[in-house]
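Data from protein26.txt: compact mmCIF, C-alpha atoms and all ligand atoms
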# COMPACT_ATOMS: atom_id res chain seq x y z
CA MET A 1 50.75 36.39 129.73
CA ALA A 2 50.57 40.02 128.72
CA ASP A 3 53.99 40.09 127.02
CA LYS A 4 53.57 36.82 125.11
CA LYS A 5 53.94 37.24 121.35
CA ARG A 6 51.40 35.42 119.21
CA HIS A 7 53.06 33.04 116.73
CA THR A 8 52.66 33.57 113.02
CA THR A 9 53.22 31.04 110.25
CA VAL A 10 56.66 32.63 109.83
CA SER A 11 57.70 32.38 113.49
CA LEU A 12 56.44 28.78 113.63
CA LYS A 13 58.54 28.02 110.57
CA SER A 14 61.56 29.37 112.37
CA LEU A 15 60.88 27.09 115.39
CA PHE A 16 60.68 24.24 112.90
CA SER A 17 63.97 25.21 111.22
CA LYS A 18 65.69 25.39 114.60
CA GLY A 19 64.38 21.94 115.51
CA GLU A 20 62.36 23.28 118.46
CA LYS A 21 59.22 21.21 119.01
CA ILE A 22 55.88 22.91 118.40
CA VAL A 23 53.27 22.45 121.16
CA MET A 24 49.61 22.51 120.26
CA VAL A 25 46.55 21.83 122.41
CA THR A 26 42.86 22.08 121.68
CA ALA A 27 40.52 24.45 123.53
CA TYR A 28 36.84 25.20 123.13
CA ASP A 29 36.05 28.09 125.48
CA ALA A 30 37.65 31.10 127.17
CA ALA A 31 38.49 29.31 130.44
CA GLN A 32 40.33 26.54 128.60
CA SER A 33 42.15 28.85 126.20
CA SER A 34 43.30 31.11 129.04
CA ILE A 35 44.78 28.03 130.77
CA ALA A 36 46.47 27.12 127.48
CA GLU A 37 47.85 30.64 127.09
CA LYS A 38 49.17 30.70 130.68
CA SER A 39 50.85 27.34 129.98
CA ASP A 40 52.72 29.01 127.10
CA VAL A 41 51.69 26.53 124.40
CA ASP A 42 52.60 27.63 120.87
CA VAL A 43 49.27 27.02 119.15
CA ILE A 44 45.66 26.53 120.25
CA LEU A 45 43.46 24.46 117.97
CA VAL A 46 39.71 24.92 118.16
CA GLY A 47 39.14 21.37 116.99
CA ASP A 48 35.87 20.00 115.77
CA SER A 49 36.49 17.36 118.46
CA LEU A 50 34.35 20.03 120.15
CA GLY A 51 31.44 17.85 119.04
CA MET A 52 32.64 14.89 121.06
CA VAL A 53 34.27 16.41 124.15
CA VAL A 54 32.00 19.43 124.70
CA LEU A 55 28.72 18.92 122.83
CA GLY A 56 28.24 15.21 123.62
CA TYR A 57 28.04 13.82 120.07
CA ASP A 58 29.49 10.41 119.12
CA ASN A 59 31.59 11.88 116.30
CA THR A 60 32.46 15.20 114.66
CA ILE A 61 29.95 15.02 111.81
CA PRO A 62 27.11 17.01 113.47
CA VAL A 63 29.38 19.97 114.25
CA THR A 64 28.33 23.08 112.31
CA LEU A 65 30.12 26.20 111.16
CA GLU A 66 27.98 28.16 113.67
CA ASP A 67 29.31 25.92 116.47
CA MET A 68 32.89 26.57 115.35
CA VAL A 69 32.44 30.34 115.05
CA HIS A 70 30.73 30.54 118.46
CA HIS A 71 33.40 28.54 120.29
CA ALA A 72 36.35 30.07 118.41
CA LYS A 73 35.20 33.56 119.45
CA ALA A 74 35.25 32.46 123.10
CA VAL A 75 38.67 30.83 122.69
CA ARG A 76 40.07 34.01 121.17
CA ARG A 77 38.72 36.12 124.05
CA GLY A 78 40.48 33.83 126.55
CA ALA A 79 43.79 33.72 124.67
CA PRO A 80 44.39 36.94 122.76
CA ASN A 81 48.15 36.33 122.57
CA THR A 82 48.26 32.76 121.28
CA MET A 83 48.08 31.58 117.69
CA MET A 84 44.62 30.08 117.16
CA LEU A 85 43.78 27.66 114.35
CA VAL A 86 40.17 26.64 113.82
CA ASP A 87 38.84 23.45 112.24
CA MET A 88 36.56 23.82 109.27
CA PRO A 89 33.74 21.39 110.09
CA PHE A 90 32.12 18.61 108.05
CA LEU A 91 31.06 19.66 104.51
CA SER A 92 32.11 23.27 105.01
CA TYR A 93 34.93 23.05 102.40
CA HIS A 94 33.56 20.69 99.77
CA LYS A 95 30.61 22.32 98.01
CA SER A 96 32.36 25.03 96.01
CA ILE A 97 35.44 27.21 96.27
CA GLU A 98 33.20 30.19 96.91
CA ASN A 99 31.45 28.42 99.78
CA THR A 100 34.83 27.36 101.26
CA LEU A 101 36.11 30.95 101.11
CA THR A 102 32.92 32.31 102.68
CA ASN A 103 33.05 29.78 105.52
CA ALA A 104 36.76 30.23 106.26
CA GLY A 105 36.26 33.98 106.00
CA ARG A 106 33.77 33.85 108.88
CA LEU A 107 36.30 32.08 111.10
CA MET A 108 38.93 34.69 110.24
CA GLN A 109 36.74 37.81 110.43
CA GLU A 110 34.34 36.95 113.26
CA ALA A 111 36.58 34.83 115.50
CA TYR A 112 39.94 36.37 114.54
CA ALA A 113 41.44 32.97 113.71
CA ASP A 114 45.08 32.89 112.60
CA GLY A 115 44.34 30.10 110.16
CA VAL A 116 42.12 27.11 109.47
CA LYS A 117 42.57 23.34 109.46
CA LEU A 118 41.05 21.07 106.82
CA GLU A 119 40.98 17.28 106.66
CA GLY A 120 41.93 15.61 103.39
CA GLY A 121 44.51 15.58 100.62
CA GLU A 122 44.40 15.53 96.82
CA SER A 123 40.62 15.82 96.70
CA ILE A 124 40.55 19.16 98.54
CA ALA A 125 43.89 20.58 97.36
CA ASN A 126 42.14 23.12 95.10
CA HIS A 127 40.23 24.44 98.13
CA VAL A 128 43.47 24.70 100.13
CA LYS A 129 45.08 26.65 97.28
CA ALA A 130 42.13 29.04 97.02
CA LEU A 131 42.27 29.73 100.76
CA VAL A 132 46.02 30.32 100.74
CA ASP A 133 45.70 32.57 97.66
CA ALA A 134 43.07 34.55 99.57
CA GLY A 135 45.51 35.09 102.45
CA ILE A 136 44.20 32.41 104.82
CA PRO A 137 46.89 30.17 106.36
CA VAL A 138 45.95 26.50 106.07
CA CYS A 139 46.98 23.53 108.18
CA GLY A 140 46.24 20.12 106.66
CA HIS A 141 45.10 17.00 108.51
CA LEU A 142 45.85 13.46 107.28
CA GLY A 143 45.97 9.90 108.61
CA LEU A 144 42.91 9.31 110.73
CA THR A 145 40.57 12.05 109.55
CA PRO A 146 37.54 11.88 111.87
CA GLN A 147 35.16 13.62 109.43
CA ASN A 148 35.78 10.66 107.11
CA ALA A 149 35.63 8.00 109.86
CA LEU A 150 32.53 6.38 108.34
CA ASN A 151 34.52 5.61 105.18
CA LEU A 152 37.57 4.53 107.20
CA GLY A 153 35.59 1.97 109.22
CA GLY A 154 35.83 3.96 112.45
CA PHE A 155 38.59 5.51 114.52
CA ARG A 156 41.53 3.27 113.66
CA VAL A 157 45.23 3.46 112.86
CA GLN A 158 45.87 4.51 109.24
CA GLY A 159 48.75 3.87 106.82
CA LYS A 160 49.62 0.39 108.08
CA ASP A 161 49.94 -1.07 104.55
CA THR A 162 51.83 0.13 101.50
CA ALA A 163 48.78 1.30 99.55
CA THR A 164 47.35 3.50 102.31
CA ALA A 165 50.80 4.76 103.33
CA GLU A 166 51.45 5.79 99.71
CA LYS A 167 48.06 7.50 99.56
CA ILE A 168 48.89 9.50 102.70
CA LEU A 169 52.22 10.53 101.13
CA ARG A 170 50.49 11.64 97.90
CA ASP A 171 47.87 13.54 99.90
CA ALA A 172 50.56 15.25 101.96
CA GLN A 173 52.45 16.29 98.83
CA ALA A 174 49.26 17.72 97.31
CA ILE A 175 48.55 19.76 100.45
CA VAL A 176 52.12 21.08 100.54
CA GLU A 177 51.94 22.04 96.84
CA ALA A 178 48.66 23.83 97.49
CA GLY A 179 50.41 26.00 100.06
CA ALA A 180 49.59 24.53 103.49
CA PHE A 181 52.04 25.77 106.14
CA MET A 182 51.64 22.83 108.54
CA LEU A 183 50.11 19.35 108.69
CA VAL A 184 48.44 17.44 111.51
CA LEU A 185 49.04 13.70 111.19
CA GLU A 186 46.76 11.54 113.29
CA CYS A 187 47.04 7.90 114.32
CA VAL A 188 49.66 6.49 111.95
CA PRO A 189 52.68 4.28 112.65
CA SER A 190 55.71 6.25 113.88
CA THR A 191 57.80 4.94 110.97
CA LEU A 192 55.41 6.50 108.45
CA ALA A 193 55.31 9.79 110.42
CA ASN A 194 59.12 9.86 110.51
CA PHE A 195 59.32 9.17 106.79
CA LEU A 196 56.85 11.97 106.02
CA SER A 197 58.72 14.32 108.36
CA ASP A 198 61.89 13.68 106.34
CA GLN A 199 60.12 14.16 103.01
CA LEU A 200 58.03 17.28 103.66
CA PRO A 201 59.27 20.85 103.92
CA ILE A 202 56.57 21.86 106.46
CA PRO A 203 56.17 20.97 110.15
CA ILE A 204 54.14 17.85 110.93
CA ILE A 205 52.21 17.95 114.19
CA GLY A 206 51.57 14.44 115.40
CA ILE A 207 48.78 12.94 117.45
CA GLY A 208 49.28 9.23 117.80
CA ALA A 209 52.15 9.52 115.28
CA GLY A 210 55.16 8.98 117.53
CA ASN A 211 57.91 11.24 118.75
CA GLY A 212 59.63 12.07 115.46
CA CYS A 213 57.22 14.82 114.38
CA ALA A 214 57.98 18.54 114.53
CA GLY A 215 55.38 18.94 117.26
CA GLN A 216 52.50 17.34 119.10
CA VAL A 217 48.83 18.06 119.68
CA LEU A 218 46.50 16.61 122.29
CA VAL A 219 42.85 17.21 123.09
CA PHE A 220 42.42 19.38 126.23
CA HIS A 221 39.99 16.99 127.93
CA ASP A 222 42.18 13.97 127.21
CA LEU A 223 45.40 15.42 128.54
CA LEU A 224 43.70 16.66 131.72
CA GLY A 225 41.83 13.39 132.32
CA ILE A 226 38.41 15.06 132.42
CA TYR A 227 36.49 11.99 131.22
CA ASP A 228 36.90 8.57 132.80
CA ARG A 229 36.16 6.70 129.56
CA LYS A 230 38.92 4.61 127.95
CA ALA A 231 41.16 6.87 125.86
CA PRO A 232 43.10 5.83 122.73
CA LYS A 233 46.61 4.43 123.30
CA PHE A 234 48.27 7.69 122.18
CA VAL A 235 46.64 9.79 124.90
CA LYS A 236 48.73 10.64 127.94
CA SER A 237 46.69 12.10 130.80
CA TYR A 238 48.80 14.59 132.74
CA ALA A 239 46.10 14.99 135.42
CA GLU A 240 42.91 13.32 136.64
CA LEU A 241 40.70 16.40 136.78
CA GLY A 242 37.49 14.45 136.21
CA THR A 243 37.97 12.44 139.41
CA GLN A 244 38.94 15.57 141.35
CA ALA A 245 35.89 17.42 140.03
CA VAL A 246 33.48 14.63 141.05
CA SER A 247 35.06 14.52 144.50
CA ALA A 248 34.78 18.31 144.91
CA LEU A 249 31.15 18.40 143.76
CA SER A 250 30.23 15.49 146.05
CA THR A 251 31.74 17.34 149.02
CA TYR A 252 29.80 20.47 148.05
CA ARG A 253 26.60 18.43 147.75
CA ASN A 254 27.08 16.87 151.20
CA GLU A 255 27.91 20.21 152.83
CA VAL A 256 24.74 21.79 151.44
CA LYS A 257 22.60 18.83 152.52
CA GLU A 258 24.08 19.04 156.02
CA ALA A 259 23.83 22.85 156.18
CA VAL A 260 27.60 23.11 156.64
CA PHE A 261 27.95 25.36 153.60
CA PRO A 262 27.82 28.33 153.57
CA SER A 263 29.53 28.89 156.94
CA PRO A 264 29.90 32.49 158.25
CA ALA A 265 33.17 32.79 156.31
CA TYR A 266 31.13 32.64 153.08
CA SER A 267 28.20 34.83 154.28
CA TYR A 268 27.52 38.57 154.60
CA GLU A 269 26.58 39.86 158.09
CA VAL A 270 25.62 43.23 159.56
CA GLY A 271 26.33 44.06 163.24
CA ASP A 272 23.55 43.53 165.86
CA HIS A 273 23.04 47.28 166.24
CA ASP A 274 22.73 47.82 162.46
CA PHE A 275 20.39 44.88 162.23
CA VAL A 276 18.04 46.28 164.92
CA GLN A 277 17.82 49.57 163.02
CA LEU A 278 17.41 47.84 159.66
CA TYR A 279 14.74 45.53 161.04
CA ALA A 280 12.86 48.42 162.67
CA LYS A 281 12.95 50.35 159.38
CA ILE A 282 11.67 47.42 157.33
CA LYS A 283 8.91 46.81 159.90
CA GLY A 284 8.05 50.52 159.92
CA ASP A 285 7.94 50.70 156.14
CA THR A 286 5.68 47.67 155.85
CA ASN A 287 3.28 49.01 158.55
CA HIS A 288 2.45 52.14 156.50
O1 LIG A 301 39.43 18.15 116.22
C1 LIG A 301 40.51 18.01 116.80
O2 LIG A 301 40.65 18.18 118.02
C2 LIG A 301 41.66 17.61 116.01
C3 LIG A 301 42.87 17.16 116.75
C4 LIG A 301 42.64 15.80 117.28
C5 LIG A 301 44.08 17.23 115.91
O3 LIG A 301 41.60 17.64 114.82
For this file, produce the structure as C-alpha cells.
Amino acid sequence: MADKKRHTTVSLKSLFSKGEKIVMVTAYDAAQSSIAEKSDVDVILVGDSLGMVVLGYDNTIPVTLEDMVHHAKAVRRGAPNTMMLVDMPFLSYHKSIENTLTNAGRLMQEAYADGVKLEGGESIANHVKALVDAGIPVCGHLGLTPQNALNLGGFRVQGKDTATAEKILRDAQAIVEAGAFMLVLECVPSTLANFLSDQLPIPIIGIGAGNGCAGQVLVFHDLLGIYDRKAPKFVKSYAELGTQAVSALSTYRNEVKEAVFPSPAYSYEVGDHDFVQLYAKIKGDTNH
C-alpha cells in the first residue's frame, strides 16, 4: 500500500477519541508484515511471542534483544508504511535506566521502531518515564504478562479477585502517569477491561479482554491457524493455513516422488535444432 500513511501516537489518539477501534497484529518477518500492511491494520507488534511461535521455545524468557532487533528489522522492511511497536524482551528494561535506554535505542535506531512495549506497572514506571522523556513512545502491557508467567503460575486469567484487579488498576495508573501512550491488556475478565477503559485516558488494546477495549491484538500465527495445537479461548482463527500448508507440501512431496513435478510447464527447453548445435559444441569442446 504505497499511499498508506503510517500512524503516529497522535493519529492513534485521534482514532481513539473518535471511538474507531484500533487493529493490531503481531508479525516477525518481512513476509508476515507485508501481509499485515496489505490488510491495512493500524499497528504491527513485533511481539516477543516470537520466541514461542517462530523460535520454538516454550515461553518468551529466552528471547534476546538481538532476536528482537533482527526480526524487527525484517518486519520494518516488509511494512515501511505501518506503525511498528517492538517488545523489549526479558530483563532488557530492569537493570538500570541507562541499560533500558541503550536497549530501546537499538530498537529505534537499528530497526526504525515507532515505539516499544514493556510488561509491568509500578515497578518499571521509572523506566517508562525515562524512555518517554528520551522521545521513545511506550506502550504498556498488563494482566497476563508472559515474561512474569513463572511468578503468575503460568499462562492464566488475571484480575479475577479484588486484590489482583486493584493491583492491575494501580499498575495501569502508574504507566499512564509515566507517559505511556497505549496499554495492552491481556487475559483479564471483560468487566475489568471495561472498567479500566472507562478510567484511563489512553487506548487499551485487548487480547483476551473482551470487546469493550479501544482495540484488539492477536498473534499472527493464531489468527491464521498456522499451528494445530489447542489455542487459548480468546483466540479466533480466521483461517486454517497450517492444514492447507501440510496438504500443499504433501502434494508436492508425492509429485516429486512420482516424477510428476516439474512438468514441462515448469521447465526450460531449447528447440531440437538448438539442442543439436549446443550438444555438438559441448562435445567438440570436451574433445579438445
Ligand atoms: O508478544 C506478544 O505477541 C504480545 C501480544 C500477545 C500482545 O505481547
Report as JSON lines: every residue of chain A with an atom at most 6 Å from ligand LIG 301 (chain A), its closest pair of atoms, and their distance in Å to one decimal, counting all atoms listed in the file, with rows sorted by chain and ascending residue number.
{"residue": "A:Thr26", "atom": "CA", "partner": "A:LIG301", "partner_atom": "O2", "distance": 5.8}
{"residue": "A:Gly47", "atom": "CA", "partner": "A:LIG301", "partner_atom": "O1", "distance": 3.3}
{"residue": "A:Asp48", "atom": "CA", "partner": "A:LIG301", "partner_atom": "O1", "distance": 4.0}
{"residue": "A:Ser49", "atom": "CA", "partner": "A:LIG301", "partner_atom": "O1", "distance": 3.8}
{"residue": "A:Val219", "atom": "CA", "partner": "A:LIG301", "partner_atom": "O2", "distance": 5.6}
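Counting all atoms listed in the file, A:Pro80 has the following residues at most 10 Å away, ignoring those fewer than 5 positions along the same chain: Met1, Ala2, Lys4, Lys5, Arg6, Ala30, Ser33, Ser34, Glu37, Val75 and Tyr112 of chain A.
Each of A:Ala74, A:Leu249, A:Cys139, A:Ile205 was compared to A:Asp87 using all atoms listed in the file, and A:Cys139 turns out to be the nearest.
Atom CA of A:Glu177 to atom CA of A:Leu118 spans 14.8 Å [interatomic distance, one decimal].
Protein, DNA and RNA residues at most 7 Å from (51.4, 9.4, 121.5), with all atoms listed in the file, are these: Ile207, Gly208, Ala209, Gly210, Phe234 and Val235 of chain A.
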Around stretch 169-178 of chain A, fit a box with edges along x, y and z, padding it by 8 Å on each side, then list its centre and edge lengths in Å to one decimal as lines of an AutoDock Vina configuration file.
center_x = 50.2
center_y = 17.2
center_z = 99.4
size_x = 20.6
size_y = 29.3
size_z = 21.1
Env of A:Gly105: 12 Å cut, atoms = only C-alpha atoms, seq-sep filter 2 positions within chain, self excluded. Answer as a count of residues only. 30
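Interatomic distance, atom CA of A:Thr8 to atom CA of A:Lys117: 14.8 Å.
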Using only C-alpha atoms, the best pick from A:Glu269, A:Glu258, A:Glu240, A:Glu122 as closest to A:Ala178 would be A:Glu122
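Across the structure, atom CA of A:Leu192 and atom CA of A:Tyr238 are spaced 26.4 Å apart.
Proximity to A:Gln158 at 7 Å, evaluated using all atoms listed in the file and with sequence-adjacent residues fewer than 3 positions away removed, yields Gly143, Leu144, Cys187 and Val188 of chain A.
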Just the residues within 12 Å of A:Gln173, please, counting all atoms listed in the file, with nothing from its chain fewer than 2 positions along; format it as a VMD selection string. chain A and resid 120 to 122 125 140 142 166 to 171 175 to 183 196 to 197 199 to 202
Mind dumping the selected residues with C-alpha atoms as a CSV table (one decimal), keeping the file's coordinate frame?
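Output saved as result-v9.csv:
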chain,number,residue,atom,x,y,z
A,120,GLY,CA,41.9,15.6,103.4
A,121,GLY,CA,44.5,15.6,100.6
A,122,GLU,CA,44.4,15.5,96.8
A,125,ALA,CA,43.9,20.6,97.4
A,140,GLY,CA,46.2,20.1,106.7
A,142,LEU,CA,45.8,13.5,107.3
A,166,GLU,CA,51.4,5.8,99.7
A,167,LYS,CA,48.1,7.5,99.6
A,168,ILE,CA,48.9,9.5,102.7
A,169,LEU,CA,52.2,10.5,101.1
A,170,ARG,CA,50.5,11.6,97.9
A,171,ASP,CA,47.9,13.5,99.9
A,175,ILE,CA,48.6,19.8,100.4
A,176,VAL,CA,52.1,21.1,100.5
A,177,GLU,CA,51.9,22.0,96.8
A,178,ALA,CA,48.7,23.8,97.5
A,179,GLY,CA,50.4,26.0,100.1
A,180,ALA,CA,49.6,24.5,103.5
A,181,PHE,CA,52.0,25.8,106.1
A,182,MET,CA,51.6,22.8,108.5
A,183,LEU,CA,50.1,19.4,108.7
A,196,LEU,CA,56.8,12.0,106.0
A,197,SER,CA,58.7,14.3,108.4
A,199,GLN,CA,60.1,14.2,103.0
A,200,LEU,CA,58.0,17.3,103.7
A,201,PRO,CA,59.3,20.8,103.9
A,202,ILE,CA,56.6,21.9,106.5
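Using only C-alpha atoms, every residue with an atom at most 8 Å from the point (46.9, 32.5, 120.0) is listed here: Arg6, His7, Glu37, Asp42, Val43, Ile44, Arg76, Ala79, Pro80, Asn81, Thr82, Met83, Met84 and Asp114 of chain A.
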Spatial neighbours of A:Leu224, max dist 12 Å, only C-alpha atoms, sep filter under 3 positions, as a PyMOL selection string: chain A and resi 25-27+32+35-36+218-221+227-228+231+235-245
Since the input is missing atoms, can you rebuild N, CA, C and O atoms for stretch 32-46 of chain A and write them as a PDB file, in the frame of the given file?
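Result written to result-v3.pdb:
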ATOM      1  N   GLN A  32      39.314  27.498 129.060  1.00  0.00           N
ATOM      2  CA  GLN A  32      40.330  26.540 128.600  1.00  0.00           C
ATOM      3  C   GLN A  32      41.460  27.250 127.852  1.00  0.00           C
ATOM      4  O   GLN A  32      42.637  26.948 128.050  1.00  0.00           O
ATOM      5  N   SER A  33      41.093  28.209 126.999  1.00  0.00           N
ATOM      6  CA  SER A  33      42.150  28.850 126.200  1.00  0.00           C
ATOM      7  C   SER A  33      43.022  29.728 127.088  1.00  0.00           C
ATOM      8  O   SER A  33      44.214  29.878 126.844  1.00  0.00           O
ATOM      9  N   SER A  34      42.441  30.299 128.172  1.00  0.00           N
ATOM     10  CA  SER A  34      43.300  31.110 129.040  1.00  0.00           C
ATOM     11  C   SER A  34      44.264  30.205 129.797  1.00  0.00           C
ATOM     12  O   SER A  34      45.420  30.570 130.030  1.00  0.00           O
ATOM     13  N   ILE A  35      43.854  28.995 130.141  1.00  0.00           N
ATOM     14  CA  ILE A  35      44.780  28.030 130.770  1.00  0.00           C
ATOM     15  C   ILE A  35      45.882  27.681 129.758  1.00  0.00           C
ATOM     16  O   ILE A  35      47.064  27.633 130.095  1.00  0.00           O
ATOM     17  N   ALA A  36      45.489  27.463 128.516  1.00  0.00           N
ATOM     18  CA  ALA A  36      46.470  27.120 127.480  1.00  0.00           C
ATOM     19  C   ALA A  36      47.468  28.266 127.294  1.00  0.00           C
ATOM     20  O   ALA A  36      48.672  28.047 127.187  1.00  0.00           O
ATOM     21  N   GLU A  37      46.949  29.490 127.280  1.00  0.00           N
ATOM     22  CA  GLU A  37      47.850  30.640 127.090  1.00  0.00           C
ATOM     23  C   GLU A  37      48.819  30.777 128.265  1.00  0.00           C
ATOM     24  O   GLU A  37      50.010  31.008 128.086  1.00  0.00           O
ATOM     25  N   LYS A  38      48.279  30.601 129.497  1.00  0.00           N
ATOM     26  CA  LYS A  38      49.170  30.700 130.680  1.00  0.00           C
ATOM     27  C   LYS A  38      50.215  29.584 130.674  1.00  0.00           C
ATOM     28  O   LYS A  38      51.279  29.730 131.254  1.00  0.00           O
ATOM     29  N   SER A  39      49.899  28.469 130.040  1.00  0.00           N
ATOM     30  CA  SER A  39      50.850  27.340 129.980  1.00  0.00           C
ATOM     31  C   SER A  39      51.885  27.546 128.874  1.00  0.00           C
ATOM     32  O   SER A  39      52.749  26.695 128.679  1.00  0.00           O
ATOM     33  N   ASP A  40      51.743  28.629 128.119  1.00  0.00           N
ATOM     34  CA  ASP A  40      52.720  29.010 127.100  1.00  0.00           C
ATOM     35  C   ASP A  40      52.808  28.001 125.946  1.00  0.00           C
ATOM     36  O   ASP A  40      53.900  27.753 125.422  1.00  0.00           O
ATOM     37  N   VAL A  41      51.666  27.402 125.581  1.00  0.00           N
ATOM     38  CA  VAL A  41      51.690  26.530 124.400  1.00  0.00           C
ATOM     39  C   VAL A  41      51.875  27.414 123.158  1.00  0.00           C
ATOM     40  O   VAL A  41      51.591  28.617 123.192  1.00  0.00           O
ATOM     41  N   ASP A  42      52.345  26.832 122.079  1.00  0.00           N
ATOM     42  CA  ASP A  42      52.600  27.630 120.870  1.00  0.00           C
ATOM     43  C   ASP A  42      51.314  27.897 120.082  1.00  0.00           C
ATOM     44  O   ASP A  42      51.131  28.980 119.539  1.00  0.00           O
ATOM     45  N   VAL A  43      50.453  26.894 120.006  1.00  0.00           N
ATOM     46  CA  VAL A  43      49.270  27.020 119.150  1.00  0.00           C
ATOM     47  C   VAL A  43      48.057  26.401 119.864  1.00  0.00           C
ATOM     48  O   VAL A  43      48.163  25.323 120.459  1.00  0.00           O
ATOM     49  N   ILE A  44      46.925  27.095 119.785  1.00  0.00           N
ATOM     50  CA  ILE A  44      45.660  26.530 120.250  1.00  0.00           C
ATOM     51  C   ILE A  44      44.861  26.128 119.015  1.00  0.00           C
ATOM     52  O   ILE A  44      44.753  26.897 118.059  1.00  0.00           O
ATOM     53  N   LEU A  45      44.327  24.916 119.057  1.00  0.00           N
ATOM     54  CA  LEU A  45      43.460  24.460 117.970  1.00  0.00           C
ATOM     55  C   LEU A  45      42.030  24.369 118.496  1.00  0.00           C
ATOM     56  O   LEU A  45      41.769  23.665 119.470  1.00  0.00           O
ATOM     57  N   VAL A  46      41.127  25.115 117.857  1.00  0.00           N
ATOM     58  CA  VAL A  46      39.710  24.920 118.160  1.00  0.00           C
ATOM     59  C   VAL A  46      39.280  23.770 117.265  1.00  0.00           C
ATOM     60  O   VAL A  46      38.930  23.966 116.095  1.00  0.00           O
TER      61      VAL A  46
END
